>>> print(open('coords08.pdb').read())   # PDB, C-alpha atoms
ATOM      1  CA  MET A 174     231.752  50.937 161.820
ATOM      2  CA  ASN A 175     234.561  51.550 164.258
ATOM      3  CA  ASN A 176     234.905  49.477 167.367
ATOM      4  CA  PRO A 177     232.685  51.183 169.911
ATOM      5  CA  ASN A 178     234.617  51.785 173.077
ATOM      6  CA  THR A 179     232.153  53.727 175.154
ATOM      7  CA  GLU A 180     230.248  51.988 177.923
ATOM      8  CA  THR A 181     227.735  54.769 178.403
ATOM      9  CA  SER A 182     225.542  56.725 176.046
ATOM     10  CA  THR A 183     223.264  59.713 175.923
ATOM     11  CA  TRP A 184     220.366  57.273 176.034
ATOM     12  CA  ALA A 185     221.601  55.680 179.275
ATOM     13  CA  ALA A 186     222.321  59.105 180.767
ATOM     14  CA  ASN A 187     218.747  60.158 179.944
ATOM     15  CA  ILE A 188     217.366  57.045 181.653
ATOM     16  CA  THR A 189     219.351  57.896 184.784
ATOM     17  CA  LYS A 190     218.214  61.523 184.664
ATOM     18  CA  ASN A 191     214.552  60.523 184.181
ATOM     19  CA  THR A 192     214.759  57.973 187.018
ATOM     20  CA  ILE A 193     216.216  60.539 189.421
ATOM     21  CA  GLN A 194     213.594  63.111 188.410
ATOM     22  CA  LEU A 195     210.813  60.566 188.941
ATOM     23  CA  ALA A 196     212.205  59.671 192.366
ATOM     24  CA  TRP A 197     212.256  63.358 193.386
ATOM     25  CA  TRP A 198     208.714  63.980 192.111
ATOM     26  CA  THR A 199     207.465  60.855 193.885
ATOM     27  CA  ALA A 200     209.139  61.896 197.143
ATOM     28  CA  ALA A 201     207.682  65.408 196.811
ATOM     29  CA  TRP A 202     204.226  63.969 196.131
ATOM     30  CA  LEU A 203     204.464  61.752 199.215
ATOM     31  CA  VAL A 204     205.481  64.730 201.364
ATOM     32  CA  THR A 205     202.604  66.867 200.074
ATOM     33  CA  MET A 206     200.221  63.918 200.528
ATOM     34  CA  ALA A 207     201.338  63.566 204.144
ATOM     35  CA  LEU A 208     200.938  67.331 204.593
ATOM     36  CA  ALA A 209     197.392  67.282 203.202
ATOM     37  CA  LYS A 210     196.490  64.250 205.316
ATOM     38  CA  PHE A 211     198.135  65.083 208.641
ATOM     39  CA  GLY A 212     198.396  68.872 208.442
ATOM     40  CA  PRO A 213     194.738  69.396 209.461
ATOM     41  CA  LEU A 214     195.220  66.956 212.347
ATOM     42  CA  TYR A 215     198.562  68.030 213.801
ATOM     43  CA  ILE A 216     199.750  71.357 212.328
ATOM     44  CA  TRP A 217     197.033  73.882 211.480
ATOM     45  CA  GLU A 218     194.104  72.002 212.985
ATOM     46  CA  SER A 219     190.798  73.038 211.405
ATOM     47  CA  SER A 220     191.780  75.816 208.942
ATOM     48  CA  LYS A 221     189.869  74.961 205.768
ATOM     49  CA  LEU A 222     191.918  77.444 203.746
ATOM     50  CA  LEU A 223     195.206  75.743 204.620
ATOM     51  CA  THR A 224     193.703  72.280 204.110
ATOM     52  CA  GLY A 225     192.372  73.294 200.689
ATOM     53  CA  LEU A 226     195.752  74.805 199.803
ATOM     54  CA  ALA A 227     197.549  71.617 200.880
ATOM     55  CA  ILE A 228     195.221  69.520 198.697
ATOM     56  CA  LEU A 229     195.803  71.837 195.713
ATOM     57  CA  ILE A 230     199.576  71.630 196.181
ATOM     58  CA  ASN A 231     199.322  67.850 196.448
ATOM     59  CA  LEU A 232     197.345  67.729 193.179
ATOM     60  CA  ALA A 233     199.825  70.023 191.411
ATOM     61  CA  VAL A 234     202.829  67.990 192.564
ATOM     62  CA  GLY A 235     200.928  64.809 191.644
ATOM     63  CA  LEU A 236     200.544  66.156 188.113
ATOM     64  CA  GLY A 237     204.280  66.752 188.020
ATOM     65  CA  MET A 238     204.863  63.168 189.160
ATOM     66  CA  ILE A 239     202.568  61.836 186.431
ATOM     67  CA  MET A 240     204.475  63.811 183.787
ATOM     68  CA  ALA A 241     207.814  62.609 185.199
ATOM     69  CA  ASN A 242     206.543  59.020 185.062
ATOM     70  CA  LYS A 243     205.444  59.538 181.457
ATOM     71  CA  ARG A 244     208.887  60.873 180.530
ATOM     72  CA  TYR A 245     210.505  57.942 182.349
ATOM     73  CA  LEU A 246     208.410  55.353 180.492
ATOM     74  CA  GLN A 247     208.936  57.035 177.117
ATOM     75  CA  GLY A 248     212.686  57.047 177.700
ATOM     76  CA  LEU A 249     212.896  53.289 178.218
ATOM     77  CA  ASP A 250     213.841  50.957 175.389
ATOM     78  CA  GLU A 251     211.192  48.811 173.729
ATOM     79  CA  MET A 252     211.745  45.686 175.827
ATOM     80  CA  GLN A 253     211.695  47.662 179.064
ATOM     81  CA  GLN A 254     208.495  49.359 177.911
ATOM     82  CA  LYS A 255     206.960  45.956 177.183
ATOM     83  CA  ILE A 256     207.861  44.694 180.677
ATOM     84  CA  GLN A 257     206.360  47.839 182.198
ATOM     85  CA  LEU A 258     203.213  47.560 180.077
ATOM     86  CA  ASN A 259     202.637  43.930 181.089
ATOM     87  CA  ALA A 260     203.203  44.704 184.776
ATOM     88  CA  MET A 261     200.878  47.715 184.669
ATOM     89  CA  ALA A 262     198.185  45.760 182.778
ATOM     90  CA  LEU A 263     198.340  43.016 185.405
ATOM     91  CA  SER A 264     198.220  45.525 188.251
ATOM     92  CA  LEU A 265     195.340  47.506 186.725
ATOM     93  CA  GLY A 266     193.335  44.391 185.816
ATOM     94  CA  VAL A 267     193.713  42.695 189.174
ATOM     95  CA  GLY A 268     193.205  46.024 190.940
ATOM     96  CA  LEU A 269     189.892  46.566 189.151
ATOM     97  CA  VAL A 270     188.546  43.021 189.536
ATOM     98  CA  ALA A 271     189.818  42.311 193.056
ATOM     99  CA  GLY A 272     189.161  45.891 194.202
ATOM    100  CA  LEU A 273     185.482  45.729 193.286
ATOM    101  CA  ALA A 274     185.167  42.214 194.730
ATOM    102  CA  TYR A 275     186.778  43.558 197.907
ATOM    103  CA  ALA A 276     184.218  46.370 198.044
ATOM    104  CA  ASN A 277     181.393  43.860 197.573
ATOM    105  CA  LEU A 278     182.838  41.678 200.312
ATOM    106  CA  ALA A 279     182.348  44.562 202.710
ATOM    107  CA  ILE A 280     178.595  44.219 202.070
ATOM    108  CA  LEU A 281     178.655  40.493 202.884
ATOM    109  CA  VAL A 282     181.066  40.584 205.823
ATOM    110  CA  PRO A 283     180.952  43.806 207.850
ATOM    111  CA  PHE A 284     184.446  45.312 207.946
ATOM    112  CA  GLN A 285     186.050  48.657 207.140
ATOM    113  CA  ALA A 286     187.085  48.428 203.478
ATOM    114  CA  SER A 287     189.861  50.898 202.702
ATOM    115  CA  VAL A 288     191.129  52.115 199.339
ATOM    116  CA  SER A 289     194.673  51.959 200.713
ATOM    117  CA  HIS A 290     194.403  48.155 200.828
ATOM    118  CA  VAL A 291     193.632  48.082 197.108
ATOM    119  CA  ILE A 292     196.519  50.466 196.362
ATOM    120  CA  ILE A 293     198.952  48.308 198.355
ATOM    121  CA  MET A 294     197.706  45.199 196.545
ATOM    122  CA  MET A 295     198.119  46.913 193.134
ATOM    123  CA  ALA A 296     201.654  48.004 194.043
ATOM    124  CA  LEU A 297     202.607  44.477 195.099
ATOM    125  CA  ILE A 298     201.125  42.986 191.930
ATOM    126  CA  TYR A 299     202.983  45.579 189.829
ATOM    127  CA  LEU A 300     206.251  44.592 191.540
ATOM    128  CA  ALA A 301     205.505  40.887 190.982
ATOM    129  CA  GLY A 302     204.714  41.655 187.322
ATOM    130  CA  MET A 303     207.993  43.539 186.908
ATOM    131  CA  PHE A 304     209.919  40.699 188.535
ATOM    132  CA  ALA A 305     208.223  38.128 186.265
ATOM    133  CA  GLY A 306     208.882  40.273 183.180
ATOM    134  CA  ILE A 307     212.563  40.745 183.982
ATOM    135  CA  ARG A 308     212.952  37.006 184.618
ATOM    136  CA  LYS A 309     211.156  36.175 181.381
ATOM    137  CA  TYR A 310     213.648  38.074 179.227
ATOM    138  CA  GLN A 311     216.804  37.145 181.136
TER     139      GLN A 311
ATOM    140  CA  MET B 106     212.591  34.715 164.932
ATOM    141  CA  ARG B 107     216.286  33.790 164.975
ATOM    142  CA  ASN B 108     219.157  36.221 164.546
ATOM    143  CA  ARG B 109     222.919  36.400 164.008
ATOM    144  CA  LEU B 110     223.489  39.281 166.384
ATOM    145  CA  LYS B 111     225.722  37.341 168.756
ATOM    146  CA  VAL B 112     227.909  36.038 165.899
ATOM    147  CA  LEU B 113     228.196  39.472 164.280
ATOM    148  CA  ARG B 114     229.035  41.044 167.614
ATOM    149  CA  ALA B 115     231.656  38.389 168.360
ATOM    150  CA  GLU B 116     233.226  38.878 164.928
ATOM    151  CA  ARG B 117     233.787  42.516 165.805
ATOM    152  CA  ASP B 118     234.876  41.697 169.351
ATOM    153  CA  TRP B 119     232.194  43.897 170.870
ATOM    154  CA  THR B 120     230.618  43.350 174.261
ATOM    155  CA  GLN B 121     226.858  43.345 174.780
ATOM    156  CA  ALA B 122     227.241  46.635 176.627
ATOM    157  CA  GLN B 123     229.056  48.234 173.676
ATOM    158  CA  LEU B 124     226.391  47.025 171.257
ATOM    159  CA  ALA B 125     223.690  48.301 173.611
ATOM    160  CA  VAL B 126     225.298  51.759 173.576
ATOM    161  CA  GLU B 127     225.311  51.777 169.771
ATOM    162  CA  LEU B 128     221.687  50.620 169.536
ATOM    163  CA  GLU B 129     220.553  52.877 172.400
ATOM    164  CA  VAL B 130     218.975  50.050 174.351
ATOM    165  CA  SER B 131     219.856  48.329 177.620
ATOM    166  CA  ARG B 132     222.380  45.487 177.778
ATOM    167  CA  GLN B 133     219.545  43.252 179.004
ATOM    168  CA  THR B 134     217.642  43.980 175.799
ATOM    169  CA  VAL B 135     220.643  43.037 173.646
ATOM    170  CA  ASN B 136     220.966  39.821 175.647
ATOM    171  CA  ALA B 137     217.253  39.000 175.236
ATOM    172  CA  ILE B 138     217.413  39.644 171.469
ATOM    173  CA  GLU B 139     220.525  37.490 171.089
ATOM    174  CA  LYS B 140     218.857  34.654 172.976
ATOM    175  CA  GLY B 141     215.738  34.958 170.812
ATOM    176  CA  LYS B 142     213.593  35.826 173.824
ATOM    177  CA  PHE B 143     212.632  39.239 172.495
ATOM    178  CA  ASP B 144     211.954  40.227 168.896
ATOM    179  CA  PRO B 145     213.067  43.789 168.123
ATOM    180  CA  SER B 146     210.810  46.294 166.404
ATOM    181  CA  LEU B 147     211.411  47.127 162.755
ATOM    182  CA  PRO B 148     213.148  50.466 163.580
ATOM    183  CA  LEU B 149     215.523  48.694 165.969
ATOM    184  CA  ALA B 150     216.185  45.943 163.431
ATOM    185  CA  PHE B 151     216.998  48.615 160.819
ATOM    186  CA  LYS B 152     219.313  50.305 163.303
ATOM    187  CA  ALA B 153     221.162  47.024 163.885
ATOM    188  CA  ALA B 154     221.359  46.431 160.131
ATOM    189  CA  ARG B 155     222.825  49.898 159.555
ATOM    190  CA  LEU B 156     225.304  49.379 162.382
ATOM    191  CA  PHE B 157     226.610  46.117 160.919
ATOM    192  CA  GLY B 158     226.336  47.338 157.325
ATOM    193  CA  LEU B 159     224.075  44.455 156.385
ATOM    194  CA  ALA B 160     220.516  43.943 155.198
ATOM    195  CA  ILE B 161     217.922  43.119 157.864
ATOM    196  CA  GLU B 162     217.373  39.638 156.440
ATOM    197  CA  GLU B 163     221.097  38.936 156.790
ATOM    198  CA  ILE B 164     220.772  39.436 160.547
ATOM    199  CA  PHE B 165     217.231  38.415 161.402
ATOM    200  CA  LEU B 166     215.880  35.150 160.087
ATOM    201  CA  ALA B 167     212.280  34.031 160.235
ATOM    202  CA  ASP B 168     211.621  30.661 161.848
ATOM    203  CA  SER B 169     210.052  28.156 159.474
ATOM    204  CA  ALA B 170     206.785  28.471 161.417
ATOM    205  CA  ASP B 171     206.761  32.310 161.063
TER     206      ASP B 171
END
>>> encode(input="coords08.pdb", output="structure tokens")
Amino acid sequence: MNNPNTETSTWAANITKNTIQLAWWTAAWLVTMALAKFGPLYIWESSKLLTGLAILINLAVGLGMIMANKRYLQGLDEMQQKIQLNAMALSLGVGLVAGLAYANLAILVPFQASVSHVIIMMALIYLAGMFAGIRKYQ
Amino acid sequence: MRNRLKVLRAERDWTQAQLAVELEVSRQTVNAIEKGKFDPSLPLAFKAARLFGLAIEEIFLADSAD
């Protein structure tokens, strides 16, 4: 084996490409989500056709984002995949348990439970899981 | 599981980044394997063995408890 003198590889280039693609799909999904949410309120008011179209576009772009995320995860190396898996398992598990407990709490204490709170919590737990995973293998 | 990856790499004067390129993994993964914090899969172990021209058991050594 010759002394390898390259600092980059096709694998690393693919990771970069997949990350950029995922970022673009995520940004596009957020824009279409905002359009579907705020379009009926501020742009086209009560047109059901346009609202339905915006929701369909949001779903289609969301599907693209899911596929981009799948490609991104499949492109990672095995340790990175393990870190991702652990973080996602933690986020999903806590999201399920705490999310349902949160919904039940709304029965006990009257307040407006919102799914966005659960999503924010899951995102924060995912980030904490990623941080813990990266630290673990450092 | 212990391994001789760091020694073999040093013998060839390769950096972790260069080894990572050859194995198609991140430098962080090479570092974790060298430190014994992450055990590679069998395909990755075979890849490392092929790269160094050695048998797997000449690179990766089971701990006595394994």
>>> resolve_selection(input="coords08.pdb", expression="the PyMOL selection byres ((chain B) within 7 of (chain A))", output="count of residues only")
11
>>> atom_distance(input="coords08.pdb", atom1="CA of Ala154 (chain B)", atom2="CA of Asp118 (chain B)")
17.0 Å
>>> residues_around(input="coords08.pdb", residues="Phe165 (chain B)", least_positions_apart="5", cutoff="9 Å", atoms="only C-alpha atoms", output="CSV table (one decimal) with C-alpha atoms, in the coordinates of the input")
chain,number,residue,atom,x,y,z
B,106,MET,CA,212.6,34.7,164.9
B,107,ARG,CA,216.3,33.8,165.0
B,108,ASN,CA,219.2,36.2,164.5
B,109,ARG,CA,222.9,36.4,164.0
B,110,LEU,CA,223.5,39.3,166.4
B,150,ALA,CA,216.2,45.9,163.4
B,160,ALA,CA,220.5,43.9,155.2
>>> atom_distance(input="coords08.pdb", atom1="CA of Ala241 (chain A)", atom2="CA of Ile138 (chain B)")
28.4 Å
>>> closest_residue(input="coords08.pdb", among="A:Ala209, A:Leu236, A:Ala276, A:Leu297", to="Ser264 (chain A)", atoms="all atoms listed in the file")
A:Leu297
>>> atom_distance(input="coords08.pdb", atom1="CA of Tyr275 (chain A)", atom2="CA of Ala301 (chain A)")
20.1 Å
>>> residues_around(input="coords08.pdb", residues="Ile228 (chain A)", least_positions_apart="5", cutoff="9 Å", atoms="only C-alpha atoms", output="PDB file with C-alpha atoms, in the coordinates of the input")
ATOM      1  CA  THR A 205     202.604  66.867 200.074  1.00  0.00           C
ATOM      2  CA  MET A 206     200.221  63.918 200.528  1.00  0.00           C
ATOM      3  CA  LEU A 208     200.938  67.331 204.593  1.00  0.00           C
ATOM      4  CA  ALA A 209     197.392  67.282 203.202  1.00  0.00           C
ATOM      5  CA  LYS A 210     196.490  64.250 205.316  1.00  0.00           C
ATOM      6  CA  LEU A 223     195.206  75.743 204.620  1.00  0.00           C
ATOM      7  CA  ALA A 233     199.825  70.023 191.411  1.00  0.00           C
TER       8      ALA A 233
END
>>> resolve_selection(input="coords08.pdb", expression="the PyMOL selection byres ((chain A and resi 191-196) around 10)", output="VMD selection string")
chain A and resid 185 to 190 197 to 202 237 to 249
>>> resolve_selection(input="coords08.pdb", expression="the PyMOL selection byres ((chain B and resi 112) around 12)", output="PyMOL selection string")
chain B and resi 107-111+113-121+139-140+157+163-165
>>> write_last_selection(input="coords08.pdb", atoms="C-alpha atoms", output="short mmCIF file (atom, residue, chain, number, x, y, z; two decimals), in the coordinates of the input")
data_model
loop_
_atom_site.label_atom_id
_atom_site.label_comp_id
_atom_site.auth_asym_id
_atom_site.auth_seq_id
_atom_site.Cartn_x
_atom_site.Cartn_y
_atom_site.Cartn_z
CA ARG B 107 216.29 33.79 164.98
CA ASN B 108 219.16 36.22 164.55
CA ARG B 109 222.92 36.40 164.01
CA LEU B 110 223.49 39.28 166.38
CA LYS B 111 225.72 37.34 168.76
CA LEU B 113 228.20 39.47 164.28
CA ARG B 114 229.04 41.04 167.61
CA ALA B 115 231.66 38.39 168.36
CA GLU B 116 233.23 38.88 164.93
CA ARG B 117 233.79 42.52 165.80
CA ASP B 118 234.88 41.70 169.35
CA TRP B 119 232.19 43.90 170.87
CA THR B 120 230.62 43.35 174.26
CA GLN B 121 226.86 43.34 174.78
CA GLU B 139 220.52 37.49 171.09
CA LYS B 140 218.86 34.65 172.98
CA PHE B 157 226.61 46.12 160.92
CA GLU B 163 221.10 38.94 156.79
CA ILE B 164 220.77 39.44 160.55
CA PHE B 165 217.23 38.42 161.40
#
>>> closest_residue(input="coords08.pdb", among="B:Leu124, B:Ile161, B:Ala153, B:Asp168", to="Gly141 (chain B)", atoms="only C-alpha atoms")
B:Asp168
